[in-house]
>>> print(open('run.cif').read())   # mmCIF, C-alpha atoms and all ligand atoms
data_target
loop_
_atom_site.label_atom_id
_atom_site.label_comp_id
_atom_site.auth_asym_id
_atom_site.auth_seq_id
_atom_site.Cartn_x
_atom_site.Cartn_y
_atom_site.Cartn_z
CA MET A 1 164.46 9.54 -16.35
CA ALA A 2 163.31 6.16 -15.01
CA ALA A 3 165.89 3.47 -14.25
CA GLU A 4 166.85 0.78 -16.72
CA ILE A 5 165.45 -2.51 -15.45
CA ILE A 6 167.87 -5.40 -15.14
CA ASP A 7 166.31 -8.52 -16.63
CA GLY A 8 167.59 -11.35 -14.45
CA ARG A 9 165.61 -13.95 -16.38
CA ALA A 10 167.38 -13.05 -19.63
CA VAL A 11 170.85 -13.09 -18.04
CA ALA A 12 170.06 -16.38 -16.28
CA ALA A 13 168.91 -17.91 -19.57
CA ARG A 14 172.25 -17.00 -21.15
CA VAL A 15 174.18 -18.54 -18.25
CA ARG A 16 172.10 -21.72 -18.54
CA ALA A 17 172.77 -21.89 -22.29
CA GLU A 18 176.52 -21.52 -21.62
CA VAL A 19 176.37 -24.32 -19.03
CA ALA A 20 174.42 -26.54 -21.46
CA ASP A 21 177.19 -26.02 -24.06
CA ALA A 22 179.87 -26.80 -21.47
CA VAL A 23 178.04 -29.97 -20.39
CA ALA A 24 177.75 -31.12 -24.03
CA ALA A 25 181.48 -30.50 -24.58
CA TRP A 26 182.27 -32.38 -21.35
CA ARG A 27 180.18 -35.36 -22.51
CA GLU A 28 181.98 -35.31 -25.84
CA ARG A 29 185.39 -35.40 -24.10
CA ASN A 30 184.64 -37.72 -21.18
CA GLY A 31 181.75 -39.91 -22.31
CA ARG A 32 179.65 -38.92 -19.26
CA VAL A 33 178.26 -35.77 -17.66
CA PRO A 34 178.85 -34.09 -14.29
CA GLY A 35 176.17 -34.86 -11.68
CA LEU A 36 174.49 -32.77 -9.00
CA ALA A 37 173.37 -34.53 -5.82
CA THR A 38 170.68 -32.53 -4.04
CA ILE A 39 169.78 -33.87 -0.60
CA LEU A 40 166.30 -33.16 0.74
CA VAL A 41 165.54 -34.26 4.30
CA GLY A 42 161.84 -34.43 5.14
CA ASP A 43 158.90 -32.88 3.30
CA ASP A 44 158.98 -29.16 4.05
CA PRO A 45 156.84 -27.81 1.17
CA ALA A 46 159.03 -24.75 0.44
CA SER A 47 162.23 -26.84 0.44
CA ALA A 48 160.59 -29.43 -1.81
CA VAL A 49 159.68 -26.69 -4.31
CA TYR A 50 163.24 -25.25 -4.27
CA VAL A 51 164.82 -28.68 -4.77
CA ALA A 52 162.37 -29.54 -7.57
CA GLY A 53 163.37 -26.30 -9.34
CA LYS A 54 167.07 -27.12 -9.00
CA ARG A 55 166.58 -30.67 -10.32
CA LYS A 56 164.52 -29.47 -13.27
CA ALA A 57 167.14 -26.87 -14.18
CA CYS A 58 169.86 -29.49 -13.83
CA ALA A 59 168.09 -31.84 -16.27
CA GLU A 60 167.45 -29.00 -18.73
CA VAL A 61 171.16 -28.27 -19.16
CA GLY A 62 172.04 -31.98 -19.37
CA LEU A 63 173.64 -32.43 -15.93
CA ALA A 64 172.93 -35.76 -14.21
CA ASP A 65 170.29 -35.43 -11.49
CA MET A 66 171.53 -37.52 -8.55
CA HIS A 67 168.91 -36.41 -6.04
CA ARG A 68 168.53 -38.15 -2.66
CA HIS A 69 165.46 -37.86 -0.41
CA LEU A 70 165.66 -38.87 3.25
CA PRO A 71 162.79 -39.17 5.77
CA ALA A 72 162.17 -36.32 8.24
CA ASP A 73 163.14 -38.47 11.24
CA VAL A 74 166.50 -39.60 9.82
CA GLU A 75 169.43 -39.61 12.24
CA GLN A 76 172.57 -37.51 11.91
CA ALA A 77 174.79 -40.56 11.29
CA GLU A 78 172.69 -41.67 8.32
CA VAL A 79 172.86 -38.27 6.61
CA ALA A 80 176.58 -38.11 7.36
CA GLU A 81 177.03 -41.55 5.79
CA LEU A 82 175.18 -40.45 2.65
CA ILE A 83 177.33 -37.31 2.30
CA ALA A 84 180.46 -39.42 2.77
CA GLN A 85 179.32 -41.76 -0.03
CA LEU A 86 178.54 -38.86 -2.36
CA ALA A 87 181.89 -37.29 -1.51
CA GLU A 88 183.63 -40.44 -2.77
CA ASP A 89 181.44 -40.99 -5.83
CA PRO A 90 183.29 -39.84 -8.98
CA ASP A 91 179.96 -39.38 -10.81
CA VAL A 92 178.90 -36.72 -8.28
CA SER A 93 180.44 -33.32 -9.04
CA GLY A 94 178.33 -31.25 -6.67
CA ILE A 95 176.61 -31.90 -3.35
CA LEU A 96 173.89 -29.61 -2.03
CA LEU A 97 172.21 -30.13 1.33
CA GLN A 98 168.91 -28.25 1.18
CA LEU A 99 168.48 -26.06 4.26
CA PRO A 100 166.85 -25.88 6.71
CA VAL A 101 167.08 -29.49 7.88
CA PRO A 102 164.87 -30.96 10.66
CA ARG A 103 165.71 -29.97 14.24
CA GLN A 104 167.37 -33.21 15.30
CA LEU A 105 170.12 -32.65 12.72
CA ASP A 106 173.22 -30.49 13.12
CA SER A 107 173.38 -28.79 9.72
CA GLU A 108 176.80 -27.21 10.32
CA ALA A 109 178.38 -30.57 11.13
CA LEU A 110 176.81 -32.03 7.96
CA ILE A 111 177.95 -29.17 5.74
CA ASP A 112 181.47 -29.61 7.11
CA LEU A 113 181.48 -33.09 5.54
CA ILE A 114 181.05 -31.77 1.98
CA PRO A 115 184.46 -31.67 0.25
CA PRO A 116 185.29 -28.11 -0.83
CA PHE A 117 185.54 -29.08 -4.51
CA LYS A 118 181.96 -30.45 -4.40
CA ASP A 119 180.56 -27.61 -2.29
CA VAL A 120 178.33 -26.05 -4.97
CA ASP A 121 176.57 -23.88 -2.35
CA GLY A 122 179.93 -22.44 -1.25
CA LEU A 123 178.98 -22.77 2.42
CA THR A 124 181.69 -24.94 3.95
CA PRO A 125 184.27 -23.21 6.18
CA LEU A 126 186.93 -24.06 3.61
CA SER A 127 185.00 -22.45 0.75
CA VAL A 128 184.40 -19.38 2.91
CA GLY A 129 188.13 -19.26 3.70
CA LEU A 130 189.07 -19.53 0.02
CA LEU A 131 186.63 -16.73 -0.79
CA THR A 132 188.06 -14.53 1.97
CA LEU A 133 191.58 -15.14 0.69
CA GLY A 134 190.49 -14.53 -2.91
CA ARG A 135 191.71 -17.98 -3.92
CA PRO A 136 189.96 -20.20 -6.50
CA GLY A 137 186.98 -22.05 -5.10
CA LEU A 138 183.22 -22.36 -5.28
CA ARG A 139 181.29 -19.22 -4.36
CA PRO A 140 177.75 -19.08 -2.90
CA CYS A 141 175.17 -18.95 -5.68
CA THR A 142 173.11 -15.85 -4.86
CA PRO A 143 176.09 -13.52 -4.22
CA ASN A 144 177.75 -14.90 -7.35
CA GLY A 145 174.53 -14.20 -9.24
CA VAL A 146 174.60 -10.56 -8.13
CA ILE A 147 178.18 -10.21 -9.37
CA ALA A 148 177.20 -11.82 -12.68
CA LEU A 149 174.36 -9.30 -13.12
CA LEU A 150 176.75 -6.40 -12.45
CA HIS A 151 179.28 -7.81 -14.95
CA ASN A 152 176.56 -8.41 -17.51
CA HIS A 153 175.61 -4.73 -17.40
CA ALA A 154 179.26 -3.64 -17.49
CA ILE A 155 178.89 -1.92 -14.11
CA LYS A 156 182.27 -0.88 -12.79
CA ILE A 157 182.95 -2.43 -9.39
CA VAL A 158 186.57 -1.32 -9.00
CA GLY A 159 186.59 1.83 -6.89
CA ALA A 160 182.80 1.93 -6.53
CA ASP A 161 181.23 2.78 -3.18
CA VAL A 162 178.99 -0.21 -2.48
CA THR A 163 176.57 -0.70 0.40
CA VAL A 164 175.31 -4.19 1.19
CA VAL A 165 172.29 -4.30 3.50
CA GLY A 166 172.21 -7.66 5.32
CA ARG A 167 175.13 -9.72 6.57
CA SER A 168 173.92 -13.32 6.64
CA ASN A 169 176.39 -16.13 6.01
CA LEU A 170 174.33 -17.11 2.97
CA VAL A 171 174.08 -13.78 1.17
CA GLY A 172 175.27 -10.53 2.77
CA LYS A 173 178.69 -11.54 4.12
CA PRO A 174 179.94 -13.45 1.06
CA LEU A 175 178.58 -10.72 -1.21
CA ALA A 176 180.44 -8.01 0.72
CA THR A 177 183.62 -10.11 0.46
CA LEU A 178 183.19 -10.75 -3.27
CA LEU A 179 182.63 -7.05 -3.92
CA GLY A 180 185.60 -6.09 -1.73
CA ASN A 181 187.80 -8.62 -3.56
CA SER A 182 186.66 -7.01 -6.82
CA GLY A 183 187.94 -3.61 -5.74
CA ALA A 184 184.84 -1.96 -4.28
CA THR A 185 184.79 0.08 -1.06
CA VAL A 186 182.15 -1.81 0.86
CA THR A 187 179.86 -0.73 3.69
CA SER A 188 178.07 -3.62 5.39
CA CYS A 189 174.76 -2.80 7.10
CA HIS A 190 172.57 -4.86 9.41
CA LEU A 191 169.91 -4.58 12.09
CA ASP A 192 172.26 -2.72 14.45
CA THR A 193 173.30 -0.14 11.86
CA ARG A 194 172.55 3.21 13.46
CA ASP A 195 171.69 5.29 10.40
CA LEU A 196 170.74 3.11 7.45
CA VAL A 197 169.76 6.04 5.23
CA ALA A 198 173.16 7.69 5.71
CA SER A 199 174.99 4.40 5.03
CA CYS A 200 173.02 3.79 1.81
CA ARG A 201 172.57 7.13 0.16
CA GLY A 202 176.23 7.60 -0.78
CA ALA A 203 176.42 4.24 -2.55
CA ASP A 204 177.08 3.92 -6.27
CA ILE A 205 175.80 0.36 -5.97
CA LEU A 206 173.24 -0.57 -3.31
CA VAL A 207 172.56 -4.27 -2.73
CA VAL A 208 169.78 -5.20 -0.34
CA ALA A 209 169.43 -8.65 1.22
CA ALA A 210 167.52 -8.05 4.44
CA GLY A 211 164.19 -9.84 4.01
CA ALA A 212 162.39 -6.63 5.03
CA PRO A 213 159.76 -5.70 2.42
CA LYS A 214 160.06 -2.19 0.97
CA LEU A 215 162.79 -1.26 3.46
CA ILE A 216 164.58 0.84 0.85
CA THR A 217 162.87 4.09 -0.13
CA PRO A 218 164.04 6.99 -2.33
CA ALA A 219 165.69 8.54 0.78
CA HIS A 220 168.22 5.65 0.77
CA VAL A 221 169.17 5.96 -2.89
CA LYS A 222 171.64 8.26 -4.62
CA PRO A 223 170.17 9.46 -7.93
CA GLY A 224 171.53 7.28 -10.73
CA ALA A 225 172.69 4.48 -8.39
CA VAL A 226 172.54 0.79 -9.26
CA VAL A 227 170.00 -0.92 -6.97
CA ILE A 228 170.06 -4.69 -6.63
CA ASP A 229 167.23 -6.25 -4.63
CA VAL A 230 167.95 -9.74 -3.32
CA GLY A 231 165.01 -9.78 -0.89
CA ILE A 232 162.10 -12.10 -1.44
CA THR A 233 159.12 -12.10 0.93
CA ARG A 234 155.97 -14.06 0.17
CA THR A 235 152.83 -11.98 0.78
CA PRO A 236 149.17 -12.52 -0.16
CA GLU A 237 149.84 -10.15 -3.08
CA GLY A 238 152.79 -12.20 -4.31
CA LEU A 239 156.57 -11.93 -3.96
CA VAL A 240 157.83 -8.62 -2.56
CA GLY A 241 161.40 -7.33 -2.54
CA ASP A 242 163.30 -5.23 0.01
CA VAL A 243 163.16 -2.19 -2.25
CA ASP A 244 160.06 -0.06 -2.79
CA PHE A 245 160.44 -0.57 -6.54
CA ASP A 246 157.77 1.89 -7.75
CA ALA A 247 159.16 4.71 -5.60
CA VAL A 248 162.87 4.00 -6.23
CA ALA A 249 162.81 3.18 -9.96
CA PRO A 250 162.29 6.84 -11.02
CA ILE A 251 165.56 7.93 -9.38
CA ALA A 252 167.84 4.87 -9.73
CA GLY A 253 170.08 4.35 -12.75
CA LEU A 254 169.60 0.59 -12.94
CA ILE A 255 167.35 -1.59 -10.79
CA THR A 256 166.38 -5.25 -10.43
CA PRO A 257 162.68 -6.18 -10.14
CA VAL A 258 161.26 -8.79 -7.76
CA PRO A 259 160.48 -11.29 -9.12
CA GLY A 260 162.65 -11.58 -12.22
CA GLY A 261 165.87 -9.98 -10.96
CA VAL A 262 168.33 -11.80 -8.69
CA GLY A 263 166.06 -14.82 -8.09
CA PRO A 264 166.57 -16.53 -11.49
CA MET A 265 170.33 -16.04 -11.17
CA THR A 266 170.63 -18.26 -8.09
CA ILE A 267 169.78 -21.53 -9.87
CA ALA A 268 171.76 -20.50 -12.95
CA MET A 269 174.84 -20.02 -10.76
CA LEU A 270 174.24 -23.38 -9.08
CA LEU A 271 174.40 -25.01 -12.52
CA ARG A 272 177.54 -23.09 -13.35
CA ASN A 273 179.07 -24.07 -9.99
CA THR A 274 178.36 -27.74 -10.72
CA MET A 275 180.30 -27.44 -13.99
CA THR A 276 183.10 -25.55 -12.22
CA ALA A 277 183.17 -28.27 -9.52
CA ALA A 278 183.61 -30.94 -12.20
CA GLU A 279 186.51 -28.96 -13.67
CA LEU A 280 188.14 -28.36 -10.26
CA LEU A 281 187.83 -32.06 -9.45
CA ALA A 282 189.35 -33.06 -12.79
CA ASP A 283 192.22 -30.60 -12.28
CA SER A 284 192.93 -31.98 -8.81
CA ALA A 285 192.70 -35.66 -9.81
CA PRO A 286 195.95 -37.60 -10.11
CA PRO A 287 196.91 -38.40 -13.71
CA PRO A 288 195.50 -41.75 -14.92
CA ALA A 289 197.77 -44.76 -14.24
CA ARG A 290 199.70 -45.94 -17.29
N1 LIG A 301 167.01 -14.14 -4.72
C1 LIG A 301 167.42 -15.29 -4.16
O1 LIG A 301 167.68 -16.26 -4.83
C2 LIG A 301 167.59 -15.32 -2.69
C3 LIG A 301 168.47 -16.21 -2.09
C4 LIG A 301 168.66 -16.17 -0.71
C5 LIG A 301 167.92 -15.26 0.04
N2 LIG A 301 167.04 -14.44 -0.59
C6 LIG A 301 166.26 -13.44 0.16
O2 LIG A 301 167.16 -12.46 0.63
C7 LIG A 301 166.71 -11.96 1.88
C8 LIG A 301 167.81 -12.13 2.90
O3 LIG A 301 168.09 -13.51 3.06
P1 LIG A 301 169.09 -14.02 4.17
O4 LIG A 301 169.07 -15.49 4.14
O5 LIG A 301 170.37 -13.30 4.01
O6 LIG A 301 168.31 -13.49 5.49
P2 LIG A 301 168.75 -13.46 7.03
O7 LIG A 301 167.48 -13.27 7.78
O8 LIG A 301 169.62 -14.61 7.35
O9 LIG A 301 169.64 -12.14 7.17
C9 LIG A 301 169.07 -10.87 7.05
C10 LIG A 301 170.13 -9.82 7.29
O10 LIG A 301 169.54 -8.55 7.04
C11 LIG A 301 169.71 -7.70 8.17
N3 LIG A 301 168.48 -6.92 8.31
C12 LIG A 301 167.22 -7.39 8.48
N4 LIG A 301 166.35 -6.35 8.58
C13 LIG A 301 167.08 -5.23 8.52
C14 LIG A 301 166.75 -3.86 8.60
N5 LIG A 301 165.50 -3.45 8.80
N6 LIG A 301 167.76 -2.96 8.48
C15 LIG A 301 169.03 -3.36 8.27
N7 LIG A 301 169.40 -4.65 8.20
C16 LIG A 301 168.43 -5.58 8.32
C17 LIG A 301 169.95 -8.60 9.36
O11 LIG A 301 170.76 -7.96 10.33
C18 LIG A 301 170.67 -9.79 8.72
O12 LIG A 301 172.07 -9.57 8.69
C19 LIG A 301 165.43 -12.74 2.21
O13 LIG A 301 164.31 -12.00 1.75
C20 LIG A 301 165.58 -13.99 1.38
O14 LIG A 301 164.32 -14.55 1.04
C21 LIG A 301 166.87 -14.43 -1.92
#
>>> encode(input="run.cif", output="C-alpha cells")
Amino acid sequence: MAAEIIDGRAVAARVRAEVADAVAAWRERNGRVPGLATILVGDDPASAVYVAGKRKACAEVGLADMHRHLPADVEQAEVAELIAQLAEDPDVSGILLQLPVPRQLDSEALIDLIPPFKDVDGLTPLSVGLLTLGRPGLRPCTPNGVIALLHNHAIKIVGADVTVVGRSNLVGKPLATLLGNSGATVTSCHLDTRDLVASCRGADILVVAAGAPKLITPAHVKPGAVVIDVGITRTPEGLVGDVDFDAVAPIAGLITPVPGGVGPMTIAMLLRNTMTAAELLADSAPPPAR
C-alpha cells in the first residue's frame, strides 16, 4: 500500500490561523501587536525572495512588519548598531538576520548580538544551549516545523528509532537534539557516515536534510517508516528533495512531498516563534511601576 502523504501546506495553514488568533488576542489585551524585524543586507535575489515571503506571511497574520534593508557594502559596526537598536525596541519581538550576509560581515558576531528572547531563528549560542538543556527558549524554525508535522500526525517519538541525515547547525543538529529531548533514540548521519543505508534502514522515522537530490532510495527505508524530506534543491525541472519520492512512497508509511511538505512549515514556525518571543519578553519584563 502506498504511503500516506503529509500535507505540509495544510498543517502550516492551521499554524498560521492559530498565530493570527493569538495576535488578535494580544492586540485586544495590549493595544498593539508583536513585531518581526527582518534584516536583509544587500540584494541577493534568493535572500530577497525569502525575506519577502516572511514579511508577507507576517502581515497576513497581523504581526507588525518591521523590516530593515541595508546596502551590500555596509560595515559590521553599522549592522551591529541596528541590531542593538532593535534589541532595545519594545515594539520588536523578533529579530531575524537573513543569511548569508556579504563577505565583509562576520555573521556569527552579528547573531551573537541578538537577545535570546528575540532570537526567532533560534541560532544564537544561548538559544542552542537552552535547546541542548531542554529549557524553554526559541527553537530553529525548520526543525521545529518537522516536530510539528510529526505531532500533527500523532507519530510517536518517544522510544522511536530516528535517523537524521545531515548535521548542519541550521537543521540537522538542532533537529537531532529536539528529537532526542522528545525521547527518540537518534542516529545522526553526515558525509563521513560509513554506511548510510545501514544507518537509515532500521529507522522508524527517517529525516533527511542533506541537500543531495534523491539521495534516499528504497534501500534506505524500512517498510512502513515515516520519511520526512527537508531537502530542497533547485533544478531546471523545479524543486527536488533528498528523497526519491516516486520510488520510496510505495514502501513508506507516511512521507512528505517536495514541495509542499516541510517547506511551508518553516515560515509558519517563524510566525509562531515571533508570538512566543513576545510572550517570553512579557514574562521576563519587570512589573509596571505603580
Ligand atoms: N524546507 C526548508 O524550509 C528548509 C530549510 C533549511 C534548509 N533546507 C534544505 O535542507 C537541505 C539541508 O540544508 P542545510 O542548511 O542543513 O545544508 P548544509 O549543506 O549546511 O548541511 C548538509 C548536511 O548534510 C550532510 N550531507 C550532505 N550530503 C550527504 C550525503 N551524500 N550523505 C550523508 N550526509 C550528507 C552534510 O555532512 C551536512 O551535515 C538543503 O537542501 C536545504 O535547501 C530546507
>>> closest_residue(input="run.cif", among="A:Ser199, A:Thr132, A:Gln85, A:Gln76", to="ligand LIG 301 (chain A)", atoms="all atoms listed in the file")
A:Ser199
>>> atom_distance(input="run.cif", atom1="CA of Pro236 in chain A", atom2="CA of Thr256 in chain A")
21.3 Å
>>> residues_around(input="run.cif", residues="Ile114 in chain A", least_positions_apart="3", cutoff="10 Å", atoms="all atoms listed in the file", output="PyMOL selection string")
chain A and resi 80+83-84+86-87+94-97+109-111+117-120+122-124+126
>>> write_last_selection(input="run.cif", atoms="C-alpha atoms", output="PDB file, in the coordinates of the input")
ATOM      1  CA  ALA A  80     176.580 -38.110   7.360  1.00  0.00           C
ATOM      2  CA  ILE A  83     177.330 -37.310   2.300  1.00  0.00           C
ATOM      3  CA  ALA A  84     180.460 -39.420   2.770  1.00  0.00           C
ATOM      4  CA  LEU A  86     178.540 -38.860  -2.360  1.00  0.00           C
ATOM      5  CA  ALA A  87     181.890 -37.290  -1.510  1.00  0.00           C
ATOM      6  CA  GLY A  94     178.330 -31.250  -6.670  1.00  0.00           C
ATOM      7  CA  ILE A  95     176.610 -31.900  -3.350  1.00  0.00           C
ATOM      8  CA  LEU A  96     173.890 -29.610  -2.030  1.00  0.00           C
ATOM      9  CA  LEU A  97     172.210 -30.130   1.330  1.00  0.00           C
ATOM     10  CA  ALA A 109     178.380 -30.570  11.130  1.00  0.00           C
ATOM     11  CA  LEU A 110     176.810 -32.030   7.960  1.00  0.00           C
ATOM     12  CA  ILE A 111     177.950 -29.170   5.740  1.00  0.00           C
ATOM     13  CA  PHE A 117     185.540 -29.080  -4.510  1.00  0.00           C
ATOM     14  CA  LYS A 118     181.960 -30.450  -4.400  1.00  0.00           C
ATOM     15  CA  ASP A 119     180.560 -27.610  -2.290  1.00  0.00           C
ATOM     16  CA  VAL A 120     178.330 -26.050  -4.970  1.00  0.00           C
ATOM     17  CA  GLY A 122     179.930 -22.440  -1.250  1.00  0.00           C
ATOM     18  CA  LEU A 123     178.980 -22.770   2.420  1.00  0.00           C
ATOM     19  CA  THR A 124     181.690 -24.940   3.950  1.00  0.00           C
ATOM     20  CA  LEU A 126     186.930 -24.060   3.610  1.00  0.00           C
TER      21      LEU A 126
END
>>> residues_near_ligand(input="run.cif", ligand="ligand LIG 301 (chain A)", cutoff="6 Å", atoms="all atoms listed in the file", output="ChimeraX atom specification")
/A:142,165-168,170-172,189-191,209-212,230-233,262-263,266
>>> residues_around(input="run.cif", residues="Asn181 in chain A", least_positions_apart="3", cutoff="9 Å", atoms="all atoms listed in the file", output="ChimeraX atom specification")
/A:131-134,176-178,184
>>> write_last_selection(input="run.cif", atoms="C-alpha atoms", output="PDB file, in the coordinates of the input")
ATOM      1  CA  LEU A 131     186.630 -16.730  -0.790  1.00  0.00           C
ATOM      2  CA  THR A 132     188.060 -14.530   1.970  1.00  0.00           C
ATOM      3  CA  LEU A 133     191.580 -15.140   0.690  1.00  0.00           C
ATOM      4  CA  GLY A 134     190.490 -14.530  -2.910  1.00  0.00           C
ATOM      5  CA  ALA A 176     180.440  -8.010   0.720  1.00  0.00           C
ATOM      6  CA  THR A 177     183.620 -10.110   0.460  1.00  0.00           C
ATOM      7  CA  LEU A 178     183.190 -10.750  -3.270  1.00  0.00           C
ATOM      8  CA  ALA A 184     184.840  -1.960  -4.280  1.00  0.00           C
TER       9      ALA A 184
END
>>> atom_distance(input="run.cif", atom1="CA of Gly241 in chain A", atom2="CA of Val207 in chain A")
11.6 Å
>>> closest_residue(input="run.cif", among="A:Ala3, A:Ala160, A:Val208, A:Ala17", to="Asp246 in chain A", atoms="all atoms listed in the file")
A:Ala3
>>> atom_distance(input="run.cif", atom1="CA of Ala57 in chain A", atom2="CA of Ala10 in chain A")
14.9 Å
>>> closest_residue(input="run.cif", among="A:Ala72, A:Cys58, A:Ile228, A:Val248", to="Pro100 in chain A", atoms="only C-alpha atoms")
A:Ala72
>>> closest_residue(input="run.cif", among="A:Val258, A:Val128, A:Ala22, A:Val15", to="Val240 in chain A", atoms="only C-alpha atoms")
A:Val258
>>> closest_residue(input="run.cif", among="A:Lys214, A:Thr276, A:Asp283, A:Val23", to="Gly137 in chain A", atoms="all atoms listed in the file")
A:Thr276
